[in-house]
Structure formats: C-alpha cells, structure tokens
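K.L.:
Below is the file protein-v1.cif, with mmCIF, C-alpha atoms; chains and numbers go by the auth columns.
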data_protein
#
loop_
_atom_site.group_PDB
_atom_site.id
_atom_site.type_symbol
_atom_site.label_atom_id
_atom_site.label_comp_id
_atom_site.label_asym_id
_atom_site.label_seq_id
_atom_site.Cartn_x
_atom_site.Cartn_y
_atom_site.Cartn_z
_atom_site.B_iso_or_equiv
_atom_site.auth_seq_id
_atom_site.auth_asym_id
ATOM 1 C CA MET A 1 -19.280 12.746 21.773 0.00 180 D
ATOM 2 C CA ALA A 2 -16.724 12.149 19.032 0.00 181 D
ATOM 3 C CA LEU A 3 -16.227 8.557 17.941 0.00 182 D
ATOM 4 C CA LEU A 4 -12.446 9.020 18.026 0.00 183 D
ATOM 5 C CA SER A 5 -10.333 11.122 20.348 0.00 184 D
ATOM 6 C CA LYS A 6 -7.803 13.434 18.717 0.00 185 D
ATOM 7 C CA LYS A 7 -5.028 11.029 19.695 0.00 186 D
ATOM 8 C CA ASP A 8 -6.841 8.073 18.130 0.00 187 D
ATOM 9 C CA ALA A 9 -7.749 10.056 15.008 0.00 188 D
ATOM 10 C CA ASN A 10 -4.074 10.870 14.506 0.00 189 D
ATOM 11 C CA LEU A 11 -3.355 7.140 14.288 0.00 190 D
ATOM 12 C CA ILE A 12 -5.285 7.201 11.016 0.00 191 D
ATOM 13 C CA LYS A 13 -4.412 10.686 9.748 0.00 192 D
ATOM 14 C CA ASP A 14 -0.648 10.766 10.348 0.00 193 D
ATOM 15 C CA PRO A 15 0.243 7.831 8.046 0.00 194 D
ATOM 16 C CA LEU A 16 -1.784 9.433 5.251 0.00 195 D
ATOM 17 C CA ALA A 17 0.685 12.300 4.936 0.00 196 D
ATOM 18 C CA ASP A 18 3.300 13.381 7.473 0.00 197 D
ATOM 19 C CA ASN A 19 4.251 9.847 8.523 0.00 198 D
ATOM 20 C CA ASN A 20 3.444 7.913 5.361 0.00 199 D
ATOM 21 C CA PRO A 21 5.005 4.429 5.436 0.00 200 D
ATOM 22 C CA ILE A 22 6.297 4.675 1.848 0.00 201 D
ATOM 23 C CA THR A 23 7.254 8.318 1.324 0.00 202 D
ATOM 24 C CA ILE A 24 8.436 9.139 4.860 0.00 203 D
ATOM 25 C CA GLN A 25 9.415 5.823 6.451 0.00 204 D
ATOM 26 C CA VAL A 26 10.529 4.378 3.078 0.00 205 D
ATOM 27 C CA LEU A 27 8.945 0.979 3.754 0.00 206 D
ATOM 28 C CA GLY A 28 7.075 -1.295 1.357 0.00 207 D
ATOM 29 C CA ILE A 29 8.914 0.068 -1.679 0.00 208 D
ATOM 30 C CA CYS A 30 9.227 -3.354 -3.364 0.00 209 D
ATOM 31 C CA SER A 31 5.499 -3.811 -3.990 0.00 210 D
ATOM 32 C CA ALA A 32 5.193 -0.156 -4.998 0.00 211 D
ATOM 33 C CA LEU A 33 7.654 -0.885 -7.800 0.00 212 D
ATOM 34 C CA ALA A 34 6.400 -4.318 -8.755 0.00 213 D
ATOM 35 C CA ILE A 35 2.610 -4.272 -9.014 0.00 214 D
ATOM 36 C CA THR A 36 1.667 -0.667 -9.858 0.00 215 D
ATOM 37 C CA ALA A 37 1.825 -0.953 -13.660 0.00 216 D
ATOM 38 C CA GLU A 38 -1.963 -1.473 -13.517 0.00 217 D
ATOM 39 C CA LEU A 39 -4.374 0.492 -11.346 0.00 218 D
ATOM 40 C CA LYS A 40 -6.568 -2.544 -10.672 0.00 219 D
ATOM 41 C CA ALA A 41 -3.664 -4.523 -9.244 0.00 220 D
ATOM 42 C CA SER A 42 -2.674 -1.520 -7.120 0.00 221 D
ATOM 43 C CA VAL A 43 -6.175 -1.244 -5.638 0.00 222 D
ATOM 44 C CA VAL A 44 -6.386 -4.973 -4.893 0.00 223 D
ATOM 45 C CA MET A 45 -2.984 -4.983 -3.224 0.00 224 D
ATOM 46 C CA ALA A 46 -3.974 -1.930 -1.166 0.00 225 D
ATOM 47 C CA VAL A 47 -7.195 -3.603 -0.002 0.00 226 D
ATOM 48 C CA SER A 48 -5.311 -6.829 0.766 0.00 227 D
ATOM 49 C CA VAL A 49 -2.796 -5.030 2.957 0.00 228 D
ATOM 50 C CA LEU A 50 -5.646 -3.099 4.614 0.00 229 D
ATOM 51 C CA PHE A 51 -7.239 -6.389 5.666 0.00 230 D
ATOM 52 C CA VAL A 52 -4.000 -8.090 6.710 0.00 231 D
ATOM 53 C CA LEU A 53 -2.606 -5.154 8.689 0.00 232 D
ATOM 54 C CA GLY A 54 -5.892 -4.186 10.343 0.00 233 D
ATOM 55 C CA MET A 55 -6.772 -7.725 11.438 0.00 234 D
ATOM 56 C CA GLY A 56 -3.164 -8.664 12.148 0.00 235 D
ATOM 57 C CA ASN A 57 -2.657 -5.731 14.493 0.00 236 D
ATOM 58 C CA VAL A 58 -5.784 -6.723 16.425 0.00 237 D
ATOM 59 C CA ALA A 59 -4.675 -10.361 16.679 0.00 238 D
ATOM 60 C CA ILE A 60 -1.192 -9.462 17.901 0.00 239 D
ATOM 61 C CA SER A 61 -2.615 -6.976 20.390 0.00 240 D
ATOM 62 C CA LEU A 62 -4.963 -9.612 21.820 0.00 241 D
ATOM 63 C CA LEU A 63 -2.085 -12.078 22.154 0.00 242 D
ATOM 64 C CA ARG A 64 0.519 -9.587 23.360 0.00 243 D
ATOM 65 C CA ASN A 65 0.385 -10.606 27.032 0.00 244 D
ATOM 66 C CA ILE A 66 0.745 -14.328 26.396 0.00 245 D
ATOM 67 C CA ILE A 67 3.380 -14.330 23.631 0.00 246 D
ATOM 68 C CA PRO A 68 6.843 -15.246 25.009 0.00 247 D
ATOM 69 C CA SER A 69 9.273 -12.565 23.865 0.00 248 D
ATOM 70 C CA LYS A 70 11.694 -15.136 22.441 0.00 249 D
ATOM 71 C CA ILE A 71 9.169 -16.402 19.895 0.00 250 D
ATOM 72 C CA ARG A 72 7.202 -13.228 19.192 0.00 251 D
ATOM 73 C CA ILE A 73 8.555 -12.901 15.627 0.00 252 D
ATOM 74 C CA ILE A 74 7.491 -16.485 14.855 0.00 253 D
ATOM 75 C CA VAL A 75 4.001 -15.803 16.226 0.00 254 D
ATOM 76 C CA GLN A 76 3.772 -12.600 14.179 0.00 255 D
ATOM 77 C CA LEU A 77 4.755 -14.488 11.028 0.00 256 D
ATOM 78 C CA ILE A 78 2.133 -17.166 11.704 0.00 257 D
ATOM 79 C CA VAL A 79 -0.585 -14.526 12.167 0.00 258 D
ATOM 80 C CA VAL A 80 0.292 -12.603 9.015 0.00 259 D
ATOM 81 C CA ALA A 81 0.777 -15.808 6.980 0.00 260 D
ATOM 82 C CA THR A 82 -2.701 -17.021 7.988 0.00 261 D
ATOM 83 C CA LEU A 83 -4.287 -13.731 6.925 0.00 262 D
ATOM 84 C CA VAL A 84 -2.352 -13.696 3.638 0.00 263 D
ATOM 85 C CA ILE A 85 -3.519 -17.242 2.846 0.00 264 D
ATOM 86 C CA ILE A 86 -7.112 -16.078 3.353 0.00 265 D
ATOM 87 C CA VAL A 87 -6.536 -13.155 0.967 0.00 266 D
ATOM 88 C CA ASP A 88 -4.866 -15.415 -1.595 0.00 267 D
ATOM 89 C CA GLN A 89 -7.688 -17.961 -1.549 0.00 268 D
ATOM 90 C CA VAL A 90 -10.361 -15.254 -1.856 0.00 269 D
ATOM 91 C CA LEU A 91 -8.562 -13.779 -4.874 0.00 270 D
ATOM 92 C CA LYS A 92 -8.269 -17.198 -6.510 0.00 271 D
ATOM 93 C CA ALA A 93 -11.964 -17.849 -5.909 0.00 272 D
ATOM 94 C CA PHE A 94 -13.358 -14.506 -7.093 0.00 273 D
ATOM 95 C CA ALA A 95 -10.628 -12.857 -9.222 0.00 274 D
ATOM 96 C CA TYR A 96 -8.495 -15.651 -10.608 0.00 275 D
ATOM 97 C CA GLU A 97 -6.929 -13.703 -13.494 0.00 276 D
ATOM 98 C CA LEU A 98 -5.958 -10.882 -11.148 0.00 277 D
ATOM 99 C CA SER A 99 -4.557 -13.376 -8.644 0.00 278 D
ATOM 100 C CA LYS A 100 -2.262 -14.665 -11.407 0.00 279 D
ATOM 101 C CA THR A 101 -1.155 -11.101 -12.175 0.00 280 D
ATOM 102 C CA LEU A 102 -0.292 -10.438 -8.538 0.00 281 D
ATOM 103 C CA SER A 103 1.026 -14.007 -8.162 0.00 282 D
ATOM 104 C CA VAL A 104 3.975 -14.100 -5.766 0.00 283 D
ATOM 105 C CA PHE A 105 3.496 -10.524 -4.573 0.00 284 D
ATOM 106 C CA VAL A 106 0.441 -11.449 -2.494 0.00 285 D
ATOM 107 C CA GLY A 107 2.540 -14.046 -0.701 0.00 286 D
ATOM 108 C CA LEU A 108 5.247 -11.476 -0.121 0.00 287 D
ATOM 109 C CA ILE A 109 2.816 -9.458 2.014 0.00 288 D
ATOM 110 C CA ILE A 110 4.062 -11.833 4.731 0.00 289 D
ATOM 111 C CA THR A 111 7.459 -10.154 4.661 0.00 290 D
ATOM 112 C CA ASN A 112 6.188 -6.612 4.093 0.00 291 D
ATOM 113 C CA CYS A 113 8.229 -4.540 6.538 0.00 292 D
ATOM 114 C CA ILE A 114 5.285 -2.181 7.145 0.00 293 D
ATOM 115 C CA ILE A 115 3.229 -5.029 8.598 0.00 294 D
ATOM 116 C CA MET A 116 5.960 -6.580 10.721 0.00 295 D
ATOM 117 C CA GLY A 117 7.039 -3.097 11.819 0.00 296 D
ATOM 118 C CA ARG A 118 3.559 -2.146 13.075 0.00 297 D
ATOM 119 C CA PHE A 119 3.207 -5.477 14.872 0.00 298 D
ATOM 120 C CA GLU A 120 6.487 -4.929 16.659 0.00 299 D
ATOM 121 C CA ALA A 121 6.321 -1.179 17.239 0.00 300 D
ATOM 122 C CA PHE A 122 2.650 -0.708 18.065 0.00 301 D
ATOM 123 C CA ALA A 123 0.417 -3.776 18.414 0.00 302 D
ATOM 124 C CA LEU A 124 2.642 -5.406 21.042 0.00 303 D
ATOM 125 C CA GLY A 125 2.276 -2.373 23.302 0.00 304 D
ATOM 126 C CA ASN A 126 -1.302 -1.194 22.756 0.00 305 D
ATOM 127 C CA GLY A 127 -4.877 -2.415 23.049 0.00 306 D
ATOM 128 C CA PRO A 128 -6.910 -3.938 20.185 0.00 307 D
ATOM 129 C CA TRP A 129 -8.883 -0.780 19.264 0.00 308 D
ATOM 130 C CA ARG A 130 -5.869 1.534 18.970 0.00 309 D
ATOM 131 C CA SER A 131 -3.924 -1.229 17.225 0.00 310 D
ATOM 132 C CA PHE A 132 -6.762 -1.597 14.714 0.00 311 D
ATOM 133 C CA LEU A 133 -6.748 2.150 14.033 0.00 312 D
ATOM 134 C CA ASP A 134 -2.970 2.122 13.641 0.00 313 D
ATOM 135 C CA GLY A 135 -3.189 -0.767 11.183 0.00 314 D
ATOM 136 C CA ILE A 136 -5.941 0.881 9.151 0.00 315 D
ATOM 137 C CA GLY A 137 -4.082 4.208 9.078 0.00 316 D
ATOM 138 C CA ASN A 138 -0.785 2.729 7.908 0.00 317 D
ATOM 139 C CA ALA A 139 -2.502 0.486 5.367 0.00 318 D
ATOM 140 C CA LEU A 140 -4.426 3.448 3.955 0.00 319 D
ATOM 141 C CA GLY A 141 -1.222 5.501 3.760 0.00 320 D
ATOM 142 C CA TYR A 142 0.445 2.634 1.903 0.00 321 D
ATOM 143 C CA GLY A 143 -2.573 2.087 -0.336 0.00 322 D
ATOM 144 C CA ILE A 144 -2.926 5.746 -1.328 0.00 323 D
ATOM 145 C CA ILE A 145 0.613 5.782 -2.682 0.00 324 D
ATOM 146 C CA LEU A 146 0.045 2.529 -4.583 0.00 325 D
ATOM 147 C CA VAL A 147 -3.118 3.917 -6.173 0.00 326 D
ATOM 148 C CA ILE A 148 -1.470 7.224 -7.144 0.00 327 D
ATOM 149 C CA VAL A 149 1.518 5.446 -8.666 0.00 328 D
ATOM 150 C CA GLY A 150 -0.705 2.897 -10.424 0.00 329 D
ATOM 151 C CA PHE A 151 -2.952 5.664 -11.791 0.00 330 D
ATOM 152 C CA PHE A 152 -0.130 7.556 -13.521 0.00 331 D
ATOM 153 C CA ARG A 153 1.751 4.463 -14.673 0.00 332 D
ATOM 154 C CA GLU A 154 -1.266 2.886 -16.356 0.00 333 D
ATOM 155 C CA LEU A 155 -2.580 6.174 -17.746 0.00 334 D
ATOM 156 C CA LEU A 156 0.698 7.353 -19.248 0.00 335 D
ATOM 157 C CA GLY A 157 2.082 3.907 -20.067 0.00 336 D
ATOM 158 C CA SER A 158 -0.989 2.226 -21.562 0.00 337 D
ATOM 159 C CA GLY A 159 -3.536 5.013 -22.024 0.00 338 D
ATOM 160 C CA THR A 160 -6.037 3.089 -19.906 0.00 339 D
ATOM 161 C CA LEU A 161 -7.479 3.033 -16.376 0.00 340 D
ATOM 162 C CA PHE A 162 -8.716 -0.260 -14.932 0.00 341 D
ATOM 163 C CA GLY A 163 -8.082 -1.629 -18.423 0.00 342 D
ATOM 164 C CA PHE A 164 -10.504 0.757 -20.151 0.00 343 D
ATOM 165 C CA PRO A 165 -9.159 3.186 -22.816 0.00 344 D
ATOM 166 C CA VAL A 166 -9.416 6.787 -21.653 0.00 345 D
ATOM 167 C CA LEU A 167 -7.084 8.576 -24.055 0.00 346 D
ATOM 168 C CA GLY A 168 -8.499 7.071 -27.232 0.00 347 D
ATOM 169 C CA ASN A 169 -7.520 4.152 -29.444 0.00 348 D
ATOM 170 C CA PRO A 170 -3.826 4.088 -30.383 0.00 349 D
ATOM 171 C CA ILE A 171 -4.477 1.812 -33.370 0.00 350 D
ATOM 172 C CA ASP A 172 -7.354 3.782 -34.875 0.00 351 D
ATOM 173 C CA LYS A 173 -5.674 7.062 -33.842 0.00 352 D
ATOM 174 C CA THR A 174 -8.674 8.450 -31.981 0.00 353 D
ATOM 175 C CA GLY A 175 -8.720 10.792 -28.995 0.00 354 D
ATOM 176 C CA LEU A 176 -5.297 12.161 -28.031 0.00 355 D
ATOM 177 C CA TYR A 177 -3.627 9.723 -30.398 0.00 356 D
ATOM 178 C CA ALA A 178 -5.144 11.666 -33.314 0.00 357 D
ATOM 179 C CA PHE A 179 -2.860 14.567 -32.321 0.00 358 D
ATOM 180 C CA GLY A 180 0.291 12.457 -32.338 0.00 359 D
ATOM 181 C CA TYR A 181 0.270 11.344 -28.689 0.00 360 D
ATOM 182 C CA GLU A 182 2.017 8.037 -27.997 0.00 361 D
ATOM 183 C CA ASN A 183 2.026 5.876 -24.890 0.00 362 D
ATOM 184 C CA ASN A 184 5.192 6.091 -22.830 0.00 363 D
ATOM 185 C CA GLY A 185 6.424 2.500 -22.613 0.00 364 D
ATOM 186 C CA PHE A 186 8.902 3.457 -19.901 0.00 365 D
ATOM 187 C CA MET A 187 6.018 4.010 -17.468 0.00 366 D
ATOM 188 C CA ILE A 188 5.082 0.339 -17.369 0.00 367 D
ATOM 189 C CA ILE A 189 8.491 -0.889 -16.193 0.00 368 D
ATOM 190 C CA PRO A 190 9.462 -0.839 -12.485 0.00 369 D
ATOM 191 C CA PRO A 191 11.956 2.090 -12.582 0.00 370 D
ATOM 192 C CA ALA A 192 9.073 4.401 -13.541 0.00 371 D
ATOM 193 C CA ALA A 193 7.398 3.635 -10.204 0.00 372 D
ATOM 194 C CA LEU A 194 10.513 4.822 -8.385 0.00 373 D
ATOM 195 C CA ILE A 195 10.405 8.091 -10.331 0.00 374 D
ATOM 196 C CA VAL A 196 6.706 8.638 -9.533 0.00 375 D
ATOM 197 C CA VAL A 197 7.327 7.887 -5.841 0.00 376 D
ATOM 198 C CA GLY A 198 10.249 10.328 -5.940 0.00 377 D
ATOM 199 C CA ILE A 199 7.999 13.047 -7.372 0.00 378 D
ATOM 200 C CA ILE A 200 5.428 12.390 -4.643 0.00 379 D
ATOM 201 C CA ILE A 201 8.157 12.686 -1.995 0.00 380 D
ATOM 202 C CA TRP A 202 9.349 15.967 -3.552 0.00 381 D
ATOM 203 C CA VAL A 203 5.816 17.418 -3.615 0.00 382 D
ATOM 204 C CA GLN A 204 5.207 16.301 -0.041 0.00 383 D
ATOM 205 C CA ARG A 205 8.394 17.890 1.266 0.00 384 D
ATOM 206 C CA SER A 206 7.809 21.050 -0.765 0.00 385 D
ATOM 207 C CA ARG A 207 4.476 21.516 0.987 0.00 386 D
ATOM 208 C CA ASN A 208 5.786 20.647 4.462 0.00 387 D
ATOM 209 C CA LYS A 209 9.326 21.901 5.101 0.00 388 D
ATOM 210 C CA ALA A 210 9.372 20.129 8.487 0.00 389 D
ATOM 211 C CA LEU A 211 9.748 16.826 6.608 0.00 390 D
ATOM 212 C CA ILE A 212 13.094 17.879 5.090 0.00 391 D
ATOM 213 C CA GLU A 213 15.944 16.233 6.961 0.00 392 D
ATOM 214 C CA ASP A 214 18.923 18.316 8.067 0.00 393 D
ATOM 215 C CA ASN A 215 22.238 17.360 6.483 0.00 394 D
#
Write out the structure in this file as structure tokens.
P.N.:
Amino acid sequence: MALLSKKDANLIKDPLADNNPITIQVLGICSALAITAELKASVVMAVSVLFVLGMGNVAISLLRNIIPSKIRIIVQLIVVATLVIIVDQVLKAFAYELSKTLSVFVGLIITNCIIMGRFEAFALGNGPWRSFLDGIGNALGYGIILVIVGFFRELLGSGTLFGFPVLGNPIDKTGLYAFGYENNGFMIIPPAALIVVGIIIWVQRSRNKALIEDN
C-alpha cells in the first residue's frame, strides 16, 4: 500500500512546479531578492521556512476547531512567531555568523505571505497530516527557487559556491580567470535575483503552455 494517496502526493508535487509559490503564485519574492546572493544563506532560509511552515500548518490544523474566527490571524501570527524565534535561537547558537548575515530576514519569516496564506487557505480547513504535507510541499517549492537563484548569483557574481572558489582564483588568475573571465558584480545585488527568477518563470512557462495566462 502506498504511503501517500495520489491526492496527498500532489500536495507535495504541485508546489514544486505547476503551482510554485514564487514563480506561479508570486509570493515570497522579497526574501528571494534579499538573501540569495550566497548559496549557504539560501539553503538555510529554505530549511528555516520548511520547519516553520510544516510545523505551523500542523499547529493551526490542530487548533482550527477552537480558534474563534475573529482572532484567527492573531493566533496564526503567534504560532509562526514562536516557530521563528526557535529558528532564530538555533541559528544564533550553532551558526552565529550566518545568523548575522540573515539578520532581520529570519524575523521577517513571520510576515512571509506564503506561510500566512497556507495557514488561512489550507490548514484551517484540513487535518494535521494533509496540512503537514501541504506545508512541506510549499516550503520545498519555495526553497528550490531560493537555491537555484542563490546558486547562479554566487557562482556568477563571486565565482564561489558555499564560499569555496570553483572558477579559480581571480587574484592569481587561475582557472577561468586565466582566460580573461571576470566576476559579474551585478549578480550580487538584489535586481539580479529578479532577473534570475524571471528566467525561471520563462523556462517554466515555455515547458508548460497551460501556465501562460490569457490576455
């Protein structure tokens, strides 16, 4: 017997491509622009959102029948803020330098429209297991885009991946730099992230014409 039904599996698969929260729903763009200059920061942010959205969806689902509708947004904010504080403290304890790099952006997970949107649109109307799958799926869809954007921005902008040189040494002119290659400084500023996301959207819609909106 399959662990997941087809309907449950789609909760994870759909956000990875045809219903991606960044490229299709156009949510969470701010962090995609702000923290993807380095691949390491992109991965940590992706994992952080995976934890917050997965656990947050479960918490909201468990509380859905006892939350008064008039204060549901406040309850959702309390749940996500608690989870974000846990993430922030773990980063400060085990990756302090990276926590300083991400700084305010970890706190801004609280207002990430992907998280609040899934709480409101899915967790409030479904059980804990399906809500967990929905949270994991949307977080993975978000994280994949962050990692792709971070990969190209760090590689082309700094010539490194996870801080390690992969194209050679630009000072000693080794590797690609020996042939006249230079890092593209534009790639490490936020507008470059928007361009990379735009290219991803173009590729995605080129492969699946059903995603192209009618004028």
K.L.:
Of the candidates D:Gly329, D:Pro344, D:Pro200, D:Gly304, which one gets nearest to Leu373 of chain D if we count all atoms listed in the file?
P.N.:
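The answer is D:Gly329, which sits nearest to Leu373 of chain D.
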K.L.:
Counting all atoms listed in the file, what is within 8 Å of Leu303 of chain D, bar same-chain residues fewer than 5 positions away, as a compact mmCIF listing (two decimals) with C-alpha atoms, keeping the file's coordinate frame?
P.N.:
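To be explicit, this is the file written out as part.txt:
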# COMPACT_ATOMS: atom_id res chain seq x y z
CA ILE D 239 -1.19 -9.46 17.90
CA SER D 240 -2.62 -6.98 20.39
CA ARG D 243 0.52 -9.59 23.36
CA PHE D 298 3.21 -5.48 14.87
K.L.:
Return the single residue from D:Ser221, D:Arg251, D:Ile293, D:Lys279 that is closest to Leu340 of chain D, with distances computed using only C-alpha atoms.
P.N.:
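Once distances to Leu340 of chain D are computed over only C-alpha atoms, the minimum belongs to D:Ser221.
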K.L.:
Applying the PyMOL selection byres ((chain D and resi 190) around 12) to the file I just gave you, which residues come out? Please list them as a PyMOL selection string.
P.N.:
chain D and resi 183-189+191-199+297+301+308-320
K.L.:
Do you know which residues are at most 10 Å from Arg384 of chain D counting only C-alpha atoms, after dropping those on the same chain fewer than 6 positions away, and could you put them as an MDAnalysis selection string?
P.N.:
chainID D and resid 197 202:203 378 390:392
K.L.:
Just the residues within 7 Å of Gly336 of chain D, please, counting only C-alpha atoms, with nothing from its chain fewer than 3 positions along; format it as a list in words.
P.N.:
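Residues meeting the cut-off are Arg332, Glu333, Asn362, Asn363, Gly364, Phe365, Met366 and Ile367 of chain D.
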K.L.:
Restricting the calculation to only C-alpha atoms: of D:Ala225, D:Val285, D:Val375, D:Ile350, which residue gets closest to Ile323 of chain D?
P.N.:
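Looking only at the distances to Ile323 of chain D, the closest residue turns out to be D:Ala225.
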K.L.:
Just the number, please: distance in Å from atom CA of Leu281 of chain D to atom CA of Val382 of chain D, one decimal.
P.N.:
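One can read the atom CA of Leu281 of chain D to atom CA of Val382 of chain D distance as 28.9 Å.
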K.L.:
Could you list the residues chosen by the PyMOL selection byres ((chain D and resi 211) around 12) in this structure as a PyMOL selection string?
P.N.:
chain D and resi 200-202+205-210+212-218+220-222+224-225+284+288+291+321-329+332+368-377
K.L.:
Any chance you could export the current selection's C-alpha atoms as a JSON list (two decimals), in the coordinates of the input?
P.N.:
[["chain", "number", "residue", "atom", "x", "y", "z"],
["D", 200, "PRO", "CA", 5.00, 4.43, 5.44],
["D", 201, "ILE", "CA", 6.30, 4.68, 1.85],
["D", 202, "THR", "CA", 7.25, 8.32, 1.32],
["D", 205, "VAL", "CA", 10.53, 4.38, 3.08],
["D", 206, "LEU", "CA", 8.94, 0.98, 3.75],
["D", 207, "GLY", "CA", 7.08, -1.30, 1.36],
["D", 208, "ILE", "CA", 8.91, 0.07, -1.68],
["D", 209, "CYS", "CA", 9.23, -3.35, -3.36],
["D", 210, "SER", "CA", 5.50, -3.81, -3.99],
["D", 212, "LEU", "CA", 7.65, -0.88, -7.80],
["D", 213, "ALA", "CA", 6.40, -4.32, -8.76],
["D", 214, "ILE", "CA", 2.61, -4.27, -9.01],
["D", 215, "THR", "CA", 1.67, -0.67, -9.86],
["D", 216, "ALA", "CA", 1.82, -0.95, -13.66],
["D", 217, "GLU", "CA", -1.96, -1.47, -13.52],
["D", 218, "LEU", "CA", -4.37, 0.49, -11.35],
["D", 220, "ALA", "CA", -3.66, -4.52, -9.24],
["D", 221, "SER", "CA", -2.67, -1.52, -7.12],
["D", 222, "VAL", "CA", -6.18, -1.24, -5.64],
["D", 224, "MET", "CA", -2.98, -4.98, -3.22],
["D", 225, "ALA", "CA", -3.97, -1.93, -1.17],
["D", 284, "PHE", "CA", 3.50, -10.52, -4.57],
["D", 288, "ILE", "CA", 2.82, -9.46, 2.01],
["D", 291, "ASN", "CA", 6.19, -6.61, 4.09],
["D", 321, "TYR", "CA", 0.44, 2.63, 1.90],
["D", 322, "GLY", "CA", -2.57, 2.09, -0.34],
["D", 323, "ILE", "CA", -2.93, 5.75, -1.33],
["D", 324, "ILE", "CA", 0.61, 5.78, -2.68],
["D", 325, "LEU", "CA", 0.04, 2.53, -4.58],
["D", 326, "VAL", "CA", -3.12, 3.92, -6.17],
["D", 327, "ILE", "CA", -1.47, 7.22, -7.14],
["D", 328, "VAL", "CA", 1.52, 5.45, -8.67],
["D", 329, "GLY", "CA", -0.70, 2.90, -10.42],
["D", 332, "ARG", "CA", 1.75, 4.46, -14.67],
["D", 368, "ILE", "CA", 8.49, -0.89, -16.19],
["D", 369, "PRO", "CA", 9.46, -0.84, -12.48],
["D", 370, "PRO", "CA", 11.96, 2.09, -12.58],
["D", 371, "ALA", "CA", 9.07, 4.40, -13.54],
["D", 372, "ALA", "CA", 7.40, 3.64, -10.20],
["D", 373, "LEU", "CA", 10.51, 4.82, -8.38],
["D", 374, "ILE", "CA", 10.40, 8.09, -10.33],
["D", 375, "VAL", "CA", 6.71, 8.64, -9.53],
["D", 376, "VAL", "CA", 7.33, 7.89, -5.84],
["D", 377, "GLY", "CA", 10.25, 10.33, -5.94]]
K.L.:
Leaving out Val258 of chain D and any residue of its chain fewer than 6 positions from it, which residues lie within 10 Å of it when counting only C-alpha atoms, given as a PyMOL selection string?
P.N.:
chain D and resi 231+234-236+238-239+252+289
K.L.:
Would you mind telling me which residue in D:Leu182, D:Leu270, D:Leu262, D:Leu346 lies nearest to Leu229 of chain D when using all atoms listed in the file?
P.N.:
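Among the listed residues, D:Leu262 lies closest to Leu229 of chain D.
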K.L.:
Residues within 12 Å of Ile264 of chain D, please, as number ranges by chain. Count all atoms listed in the file; anything in the same chain fewer than 3 positions from it doesn't count.
P.N.:
D: 227, 230-231, 256-261, 267-271, 283, 285-289
K.L.:
What is the atom CA of Trp381 of chain D to atom CA of Leu335 of chain D distance in Å?
P.N.:
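Calculated distance between atom CA of Trp381 of chain D and atom CA of Leu335 of chain D is 19.9 Å.
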K.L.:
Record the distance separating atom CA of Tyr356 of chain D and atom CA of Thr339 of chain D, expressed in Å with one decimal.
P.N.:
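Spanning atom CA of Tyr356 of chain D to atom CA of Thr339 of chain D is a straight-line distance of 12.6 Å.
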K.L.:
Working from the structure I just supplied, which lacks atoms in segment 354-369 of chain D, can you model N, CA and C atoms there and output them as a PDB file, in the frame of the given file?
P.N.:
ATOM      1  N   GLY D 354      -9.035  10.100 -30.235  1.00  0.00           N
ATOM      2  CA  GLY D 354      -8.720  10.792 -28.995  1.00  0.00           C
ATOM      3  C   GLY D 354      -7.399  11.543 -29.088  1.00  0.00           C
ATOM      4  N   LEU D 355      -6.587  11.464 -28.030  1.00  0.00           N
ATOM      5  CA  LEU D 355      -5.297  12.161 -28.031  1.00  0.00           C
ATOM      6  C   LEU D 355      -4.342  11.608 -29.075  1.00  0.00           C
ATOM      7  N   TYR D 356      -4.530  10.340 -29.420  1.00  0.00           N
ATOM      8  CA  TYR D 356      -3.627   9.723 -30.398  1.00  0.00           C
ATOM      9  C   TYR D 356      -3.786  10.358 -31.782  1.00  0.00           C
ATOM     10  N   ALA D 357      -4.920  10.982 -32.032  1.00  0.00           N
ATOM     11  CA  ALA D 357      -5.144  11.666 -33.314  1.00  0.00           C
ATOM     12  C   ALA D 357      -4.240  12.884 -33.453  1.00  0.00           C
ATOM     13  N   PHE D 358      -3.735  13.391 -32.307  1.00  0.00           N
ATOM     14  CA  PHE D 358      -2.860  14.567 -32.321  1.00  0.00           C
ATOM     15  C   PHE D 358      -1.382  14.184 -32.192  1.00  0.00           C
ATOM     16  N   GLY D 359      -1.095  12.901 -32.361  1.00  0.00           N
ATOM     17  CA  GLY D 359       0.291  12.457 -32.338  1.00  0.00           C
ATOM     18  C   GLY D 359       0.771  11.938 -30.996  1.00  0.00           C
ATOM     19  N   TYR D 360      -0.139  11.854 -30.008  1.00  0.00           N
ATOM     20  CA  TYR D 360       0.270  11.344 -28.689  1.00  0.00           C
ATOM     21  C   TYR D 360       0.603   9.860 -28.776  1.00  0.00           C
ATOM     22  N   GLU D 361       1.634   9.444 -28.065  1.00  0.00           N
ATOM     23  CA  GLU D 361       2.017   8.037 -27.997  1.00  0.00           C
ATOM     24  C   GLU D 361       2.178   7.632 -26.537  1.00  0.00           C
ATOM     25  N   ASN D 362       1.826   6.380 -26.242  1.00  0.00           N
ATOM     26  CA  ASN D 362       2.026   5.876 -24.890  1.00  0.00           C
ATOM     27  C   ASN D 362       3.512   5.833 -24.545  1.00  0.00           C
ATOM     28  N   ASN D 363       3.808   6.115 -23.303  1.00  0.00           N
ATOM     29  CA  ASN D 363       5.192   6.091 -22.830  1.00  0.00           C
ATOM     30  C   ASN D 363       5.481   4.714 -22.247  1.00  0.00           C
ATOM     31  N   GLY D 364       6.136   3.864 -23.041  1.00  0.00           N
ATOM     32  CA  GLY D 364       6.424   2.500 -22.613  1.00  0.00           C
ATOM     33  C   GLY D 364       7.275   2.419 -21.367  1.00  0.00           C
ATOM     34  N   PHE D 365       8.051   3.450 -21.093  1.00  0.00           N
ATOM     35  CA  PHE D 365       8.902   3.457 -19.901  1.00  0.00           C
ATOM     36  C   PHE D 365       8.077   3.388 -18.621  1.00  0.00           C
ATOM     37  N   MET D 366       6.837   3.931 -18.672  1.00  0.00           N
ATOM     38  CA  MET D 366       6.018   4.010 -17.468  1.00  0.00           C
ATOM     39  C   MET D 366       5.541   2.653 -16.968  1.00  0.00           C
ATOM     40  N   ILE D 367       5.581   1.636 -17.808  1.00  0.00           N
ATOM     41  CA  ILE D 367       5.082   0.339 -17.369  1.00  0.00           C
ATOM     42  C   ILE D 367       6.190  -0.578 -16.845  1.00  0.00           C
ATOM     43  N   ILE D 368       7.412  -0.094 -16.784  1.00  0.00           N
ATOM     44  CA  ILE D 368       8.491  -0.889 -16.193  1.00  0.00           C
ATOM     45  C   ILE D 368       8.797  -0.351 -14.791  1.00  0.00           C
ATOM     46  N   PRO D 369       9.305  -1.210 -13.901  1.00  0.00           N
ATOM     47  CA  PRO D 369       9.462  -0.839 -12.485  1.00  0.00           C
ATOM     48  C   PRO D 369      10.200   0.462 -12.192  1.00  0.00           C
TER      49      PRO D 369
END
